[in-house]
>>> print(open('start_6.txt').read())   # compact mmCIF, C-alpha atoms
# COMPACT_ATOMS: atom_id res chain seq x y z
CA MET A 2 18.48 -6.10 27.81
CA PHE A 3 17.96 -6.08 24.06
CA ILE A 4 19.80 -8.69 21.98
CA LEU A 5 20.25 -7.82 18.32
CA VAL A 6 21.66 -10.63 16.18
CA ASN A 7 23.35 -9.42 12.99
CA LEU A 8 23.59 -12.23 10.43
CA LYS A 9 25.91 -10.17 8.18
CA ALA A 10 26.51 -12.21 5.00
CA TYR A 11 27.30 -15.43 6.85
CA PRO A 12 26.23 -18.72 5.24
CA CYS A 13 23.65 -19.52 7.90
CA ASP A 14 19.97 -20.33 7.48
CA PRO A 15 18.28 -17.00 8.35
CA VAL A 16 14.90 -18.62 8.96
CA GLU A 17 16.38 -21.21 11.34
CA VAL A 18 18.08 -18.46 13.36
CA ALA A 19 14.93 -16.35 13.28
CA GLU A 20 12.75 -19.18 14.56
CA ALA A 21 15.23 -19.91 17.34
CA ALA A 22 15.36 -16.24 18.31
CA ARG A 23 11.58 -16.00 18.29
CA ASP A 24 11.19 -19.05 20.52
CA VAL A 25 13.92 -18.03 22.98
CA ALA A 26 12.47 -14.52 23.21
CA GLU A 27 9.01 -15.92 23.96
CA GLU A 28 10.34 -18.39 26.53
CA SER A 29 12.63 -15.94 28.34
CA GLY A 30 10.78 -12.65 27.99
CA VAL A 31 13.99 -11.06 26.67
CA ARG A 32 13.70 -8.84 23.61
CA ILE A 33 15.61 -10.44 20.72
CA ALA A 34 15.80 -9.24 17.12
CA VAL A 35 17.45 -10.63 13.99
CA SER A 36 19.09 -8.54 11.26
CA PRO A 37 19.40 -10.55 8.02
CA GLN A 38 20.46 -9.65 4.50
CA ALA A 39 17.97 -7.32 2.81
CA ALA A 40 16.87 -10.09 0.46
CA HIS A 41 15.88 -12.24 3.46
CA ILE A 42 13.99 -9.63 5.50
CA GLU A 43 10.53 -10.76 4.44
CA ARG A 44 11.24 -14.44 5.11
CA VAL A 45 12.67 -13.66 8.53
CA ALA A 46 9.83 -11.29 9.45
CA GLU A 47 7.29 -13.98 8.54
CA THR A 48 8.58 -16.10 11.45
CA GLY A 49 7.27 -13.49 13.86
CA VAL A 50 10.68 -12.49 15.23
CA GLU A 51 11.50 -8.80 15.54
CA THR A 52 13.37 -8.04 12.32
CA TRP A 53 15.93 -5.32 11.56
CA ALA A 54 17.61 -4.26 8.34
CA GLN A 55 21.40 -4.21 8.28
CA HIS A 56 21.37 -0.78 6.59
CA VAL A 57 19.15 1.76 4.90
CA SER A 58 20.45 4.23 2.35
CA PRO A 59 20.34 8.02 2.78
CA ASN A 60 17.83 8.61 -0.01
CA ASP A 61 14.12 8.86 -0.72
CA HIS A 62 12.26 7.29 -3.64
CA GLY A 63 13.84 8.03 -7.00
CA SER A 64 16.72 7.13 -9.30
CA TYR A 65 18.92 5.36 -6.76
CA THR A 66 19.85 2.00 -8.27
CA GLY A 67 21.52 -0.26 -5.73
CA SER A 68 20.23 1.62 -2.71
CA THR A 69 18.40 0.05 0.21
CA LEU A 70 15.23 2.12 0.49
CA ALA A 71 13.92 2.52 4.03
CA GLU A 72 10.32 2.15 2.91
CA ALA A 73 11.16 -1.08 1.07
CA VAL A 74 12.65 -2.78 4.13
CA ALA A 75 9.73 -1.57 6.25
CA ASP A 76 7.28 -2.99 3.70
CA ALA A 77 9.18 -6.29 3.88
CA GLY A 78 8.63 -6.43 7.63
CA ALA A 79 11.64 -4.71 9.19
CA GLU A 80 10.99 -2.78 12.39
CA GLY A 81 14.44 -1.24 12.79
CA THR A 82 17.79 -0.75 11.11
CA LEU A 83 21.47 -0.69 11.89
CA LEU A 84 23.51 2.19 10.50
CA ASN A 85 27.23 2.88 10.19
CA HIS A 86 28.42 -0.60 11.11
CA SER A 87 32.21 -0.83 11.04
CA GLU A 88 31.88 -2.97 7.90
CA ASN A 89 29.65 -0.38 6.19
CA ARG A 90 30.85 3.01 7.33
CA LEU A 91 29.02 6.21 6.41
CA LYS A 92 29.92 9.88 6.41
CA LEU A 93 28.27 11.85 9.21
CA ALA A 94 25.99 13.63 6.74
CA ASP A 95 24.88 10.29 5.29
CA ILE A 96 24.19 8.90 8.77
CA ASP A 97 21.97 11.91 9.38
CA ALA A 98 20.17 11.39 6.06
CA SER A 99 19.74 7.66 6.72
CA LEU A 100 18.27 8.48 10.13
CA ASP A 101 15.80 10.78 8.39
CA ALA A 102 14.93 8.00 5.95
CA ALA A 103 14.42 5.52 8.78
CA GLU A 104 12.21 7.93 10.67
CA ARG A 105 10.18 8.53 7.52
CA ALA A 106 9.60 4.77 7.25
CA GLY A 107 8.88 4.29 10.95
CA LEU A 108 12.02 2.26 11.65
CA GLU A 109 13.83 2.15 14.99
CA THR A 110 17.51 3.04 14.64
CA CYS A 111 20.85 1.94 16.06
CA VAL A 112 24.00 3.77 14.93
CA CYS A 113 27.36 2.08 15.47
CA GLY A 114 30.56 3.80 16.50
CA ASN A 115 34.12 2.60 17.01
CA ASN A 116 34.86 4.48 20.21
CA PRO A 117 33.28 6.79 22.83
CA GLU A 118 34.12 9.90 20.80
CA GLN A 119 32.23 8.59 17.78
CA ILE A 120 29.38 7.47 20.03
CA GLY A 121 29.00 11.01 21.32
CA ALA A 122 29.00 12.39 17.77
CA VAL A 123 26.36 10.02 16.41
CA ALA A 124 24.21 10.28 19.55
CA ALA A 125 23.89 13.99 18.75
CA LEU A 126 22.07 13.04 15.52
CA GLY A 127 19.14 11.64 17.49
CA PRO A 128 19.06 7.87 16.91
CA ASP A 129 17.09 5.60 19.21
CA SER A 130 20.28 3.81 20.21
CA VAL A 131 24.00 3.60 19.56
CA ALA A 132 26.35 0.60 19.68
CA VAL A 133 30.02 0.83 20.58
CA GLU A 134 32.07 -1.69 18.59
CA PRO A 135 35.88 -1.48 18.51
CA PRO A 136 36.66 -2.90 15.04
CA GLU A 137 39.66 -4.91 16.20
CA LEU A 138 37.37 -7.04 18.40
CA ILE A 139 34.59 -7.64 15.88
CA GLY A 140 34.29 -11.32 15.02
CA GLY A 141 36.75 -12.32 17.73
CA ASP A 142 36.47 -14.48 20.80
CA VAL A 143 36.94 -11.72 23.38
CA SER A 144 34.10 -9.36 24.23
CA VAL A 145 34.72 -5.62 24.44
CA SER A 146 33.15 -5.73 27.91
CA THR A 147 36.02 -8.01 28.96
CA ALA A 148 38.89 -6.71 26.80
CA ASP A 149 38.32 -3.02 27.50
CA PRO A 150 35.37 -2.34 29.81
CA ASP A 151 36.29 1.36 30.02
CA ILE A 152 35.23 1.74 26.39
CA VAL A 153 31.70 0.68 27.30
CA VAL A 154 31.55 2.89 30.39
CA ASP A 155 32.93 5.86 28.46
CA ALA A 156 30.50 5.26 25.59
CA VAL A 157 27.58 5.25 28.01
CA ASP A 158 28.84 8.50 29.50
CA ALA A 159 29.45 10.06 26.07
CA ALA A 160 25.94 9.29 24.84
CA GLY A 161 24.38 10.40 28.12
CA ALA A 162 26.20 13.72 27.99
CA VAL A 163 24.55 14.42 24.65
CA ASP A 164 21.11 12.81 25.02
CA GLU A 165 20.11 10.65 27.97
CA SER A 166 17.26 9.12 25.98
CA VAL A 167 19.67 7.33 23.60
CA ASP A 168 20.24 3.69 24.59
CA VAL A 169 23.77 2.32 24.45
CA TYR A 170 24.47 -1.19 23.20
CA CYS A 171 27.68 -3.15 23.49
CA GLY A 172 29.11 -5.01 20.51
CA ALA A 173 32.27 -6.75 19.27
CA GLY A 174 33.17 -10.21 20.49
CA VAL A 175 30.00 -10.78 22.53
CA SER A 176 29.16 -14.49 22.48
CA THR A 177 28.17 -15.75 25.95
CA GLY A 178 25.73 -15.08 28.74
CA ASP A 179 28.62 -13.83 30.87
CA ASP A 180 29.41 -11.25 28.18
CA VAL A 181 25.81 -10.05 28.28
CA LEU A 182 25.83 -9.68 32.07
CA ALA A 183 29.19 -7.87 31.95
CA ALA A 184 27.81 -5.42 29.40
CA GLN A 185 24.73 -4.85 31.55
CA ASP A 186 26.88 -4.19 34.62
CA LEU A 187 28.83 -1.57 32.65
CA GLY A 188 25.65 0.35 31.83
CA ALA A 189 24.74 -1.03 28.40
CA THR A 190 21.04 -1.68 27.76
CA GLY A 191 21.58 -4.09 24.90
CA ILE A 192 24.10 -6.07 22.92
CA LEU A 193 24.88 -6.39 19.23
CA LEU A 194 26.43 -9.66 18.12
CA ALA A 195 26.85 -11.76 15.01
CA SER A 196 29.17 -14.77 14.83
CA GLY A 197 28.29 -15.98 18.34
CA VAL A 198 24.87 -16.96 16.98
CA ALA A 199 25.15 -16.90 13.17
CA LYS A 200 28.18 -19.20 13.18
CA ALA A 201 27.03 -21.40 16.07
CA ALA A 202 26.47 -25.09 15.41
CA ASP A 203 23.26 -24.73 17.45
CA PRO A 204 21.90 -21.16 17.28
CA ARG A 205 19.07 -21.96 19.69
CA ALA A 206 21.51 -23.17 22.36
CA ALA A 207 23.69 -20.11 21.81
CA LEU A 208 20.70 -17.81 22.27
CA LYS A 209 19.57 -19.64 25.39
CA ASP A 210 23.03 -19.17 26.88
CA LEU A 211 22.93 -15.44 26.10
CA VAL A 212 19.70 -14.92 28.05
CA ALA A 213 20.35 -17.44 30.83
CA GLY A 214 21.37 -14.88 33.44
CA LEU A 215 18.82 -12.20 32.59
>>> encode(input="start_6.txt", output="structure tokens")
Amino acid sequence: MFILVNLKAYPCDPVEVAEAARDVAEESGVRIAVSPQAAHIERVAETGVETWAQHVSPNDHGSYTGSTLAEAVADAGAEGTLLNHSENRLKLADIDASLDAAERAGLETCVCGNNPEQIGAVAALGPDSVAVEPPELIGGDVSVSTADPDIVVDAVDAAGAVDESVDVYCGAGVSTGDDVLAAQDLGATGILLASGVAKAADPRAALKDLVAGL
């Protein structure tokens, strides 16, 4: 299982979370990555943890003030990027262009979708992975794998029907080791979470719980 921790714009210490994720990954052998704000990518990457951008823009070099250039986040140390998170939705054409930008910069990609139908559509664009995240469960206390396991199963099937090489991650409400195991049992190969770690009083303990059963 792959655990991708999205720090969003939460008021946490990104370096503290990154160091905890690095240590837990080394101790457990589980792949763990941290996705901080763009301004913090370099600091997080310097800890040695696998680092992802929260977004890259669908443009190349040029007159694009305010954009997040794929090459810039790669130069800062990012190894991958999220795209089309429910809190930063993109048009399908822009997802495709952002995927091209990420590929140009050598970044691994994960495209989010709200439901199995969207997962099938974005999987057709050729990302490395997709993440199903019903928006009503994001930031809540109930994991999608518990609240509506059929969504995860159907998302896995939808992606597989398009491209079996695309990994499917489970997001929204994931916060415990039991949630991780439930997602794995439903066919997901990774999880995407945020508040369960970023808002935890002890991020290291939260991460240890997530990997305990793996």
>>> residues_around(input="start_6.txt", residues="Glu109 in chain A", least_positions_apart="2", cutoff="7 Å", atoms="only C-alpha atoms", output="number ranges by chain")
A: 80-82, 107, 129
>>> residues_around(input="start_6.txt", residues="Val175 in chain A", least_positions_apart="2", cutoff="7 Å", atoms="only C-alpha atoms", output="MDAnalysis selection string")
chainID A and resid 144 172:173 177 180 194 197
>>> closest_residue(input="start_6.txt", among="A:Cys113, A:Val25, A:Val74, A:Met2", to="Ala207 in chain A", atoms="all atoms listed in the file")
A:Val25
>>> residues_around(input="start_6.txt", residues="range 152-163 of chain A", least_positions_apart="4", cutoff="9 Å", atoms="only C-alpha atoms", output="ChimeraX atom specification")
/A:116-125,131-133,135,145-146,167-171,184,187-189
>>> atom_distance(input="start_6.txt", atom1="CA of Asp203 in chain A", atom2="CA of Thr48 in chain A")
18.1 Å
>>> atom_distance(input="start_6.txt", atom1="CA of Ser166 in chain A", atom2="CA of Asp24 in chain A")
29.3 Å
>>> residues_around(input="start_6.txt", residues="Pro15 in chain A", least_positions_apart="2", cutoff="8 Å", atoms="all atoms listed in the file", output="list of chain:residue names")
A:Leu8, A:Cys13, A:Glu17, A:Val18, A:Ala19, A:Pro37, A:His41, A:Val45
>>> atom_distance(input="start_6.txt", atom1="CA of Lys92 in chain A", atom2="CA of Ser68 in chain A")
15.7 Å
>>> closest_residue(input="start_6.txt", among="A:Val181, A:Leu211, A:Ala79, A:Val35", to="Asp14 in chain A", atoms="all atoms listed in the file")
A:Val35
>>> closest_residue(input="start_6.txt", among="A:Val16, A:Ala195, A:Ala183, A:Ala98", to="Glu134 in chain A", atoms="only C-alpha atoms")
A:Ala195
>>> residues_around(input="start_6.txt", residues="Ile96 in chain A", least_positions_apart="4", cutoff="10 Å", atoms="only C-alpha atoms", output="count of residues only")
15
>>> closest_residue(input="start_6.txt", among="A:Asp76, A:Asp95, A:Asp164, A:Asp186", to="Glu43 in chain A", atoms="all atoms listed in the file")
A:Asp76
>>> closest_residue(input="start_6.txt", among="A:Ala201, A:Val212, A:Leu5, A:Ala73", to="Cys111 in chain A", atoms="only C-alpha atoms")
A:Leu5
>>> closest_residue(input="start_6.txt", among="A:Glu72, A:Glu27, A:Asp61, A:Glu88", to="Asn7 in chain A", atoms="only C-alpha atoms")
A:Glu88
>>> residues_near_point(input="start_6.txt", point="(17.3, -13.5, 36.1)", cutoff="12 Å", atoms="all atoms listed in the file", output="PDB file with C-alpha atoms, keeping the file's coordinate frame")
ATOM      1  CA  MET A   2      18.480  -6.100  27.810  1.00  0.00           C
ATOM      2  CA  SER A  29      12.630 -15.940  28.340  1.00  0.00           C
ATOM      3  CA  GLY A  30      10.780 -12.650  27.990  1.00  0.00           C
ATOM      4  CA  VAL A  31      13.990 -11.060  26.670  1.00  0.00           C
ATOM      5  CA  GLY A 178      25.730 -15.080  28.740  1.00  0.00           C
ATOM      6  CA  LEU A 182      25.830  -9.680  32.070  1.00  0.00           C
ATOM      7  CA  LEU A 211      22.930 -15.440  26.100  1.00  0.00           C
ATOM      8  CA  VAL A 212      19.700 -14.920  28.050  1.00  0.00           C
ATOM      9  CA  ALA A 213      20.350 -17.440  30.830  1.00  0.00           C
ATOM     10  CA  GLY A 214      21.370 -14.880  33.440  1.00  0.00           C
ATOM     11  CA  LEU A 215      18.820 -12.200  32.590  1.00  0.00           C
TER      12      LEU A 215
END
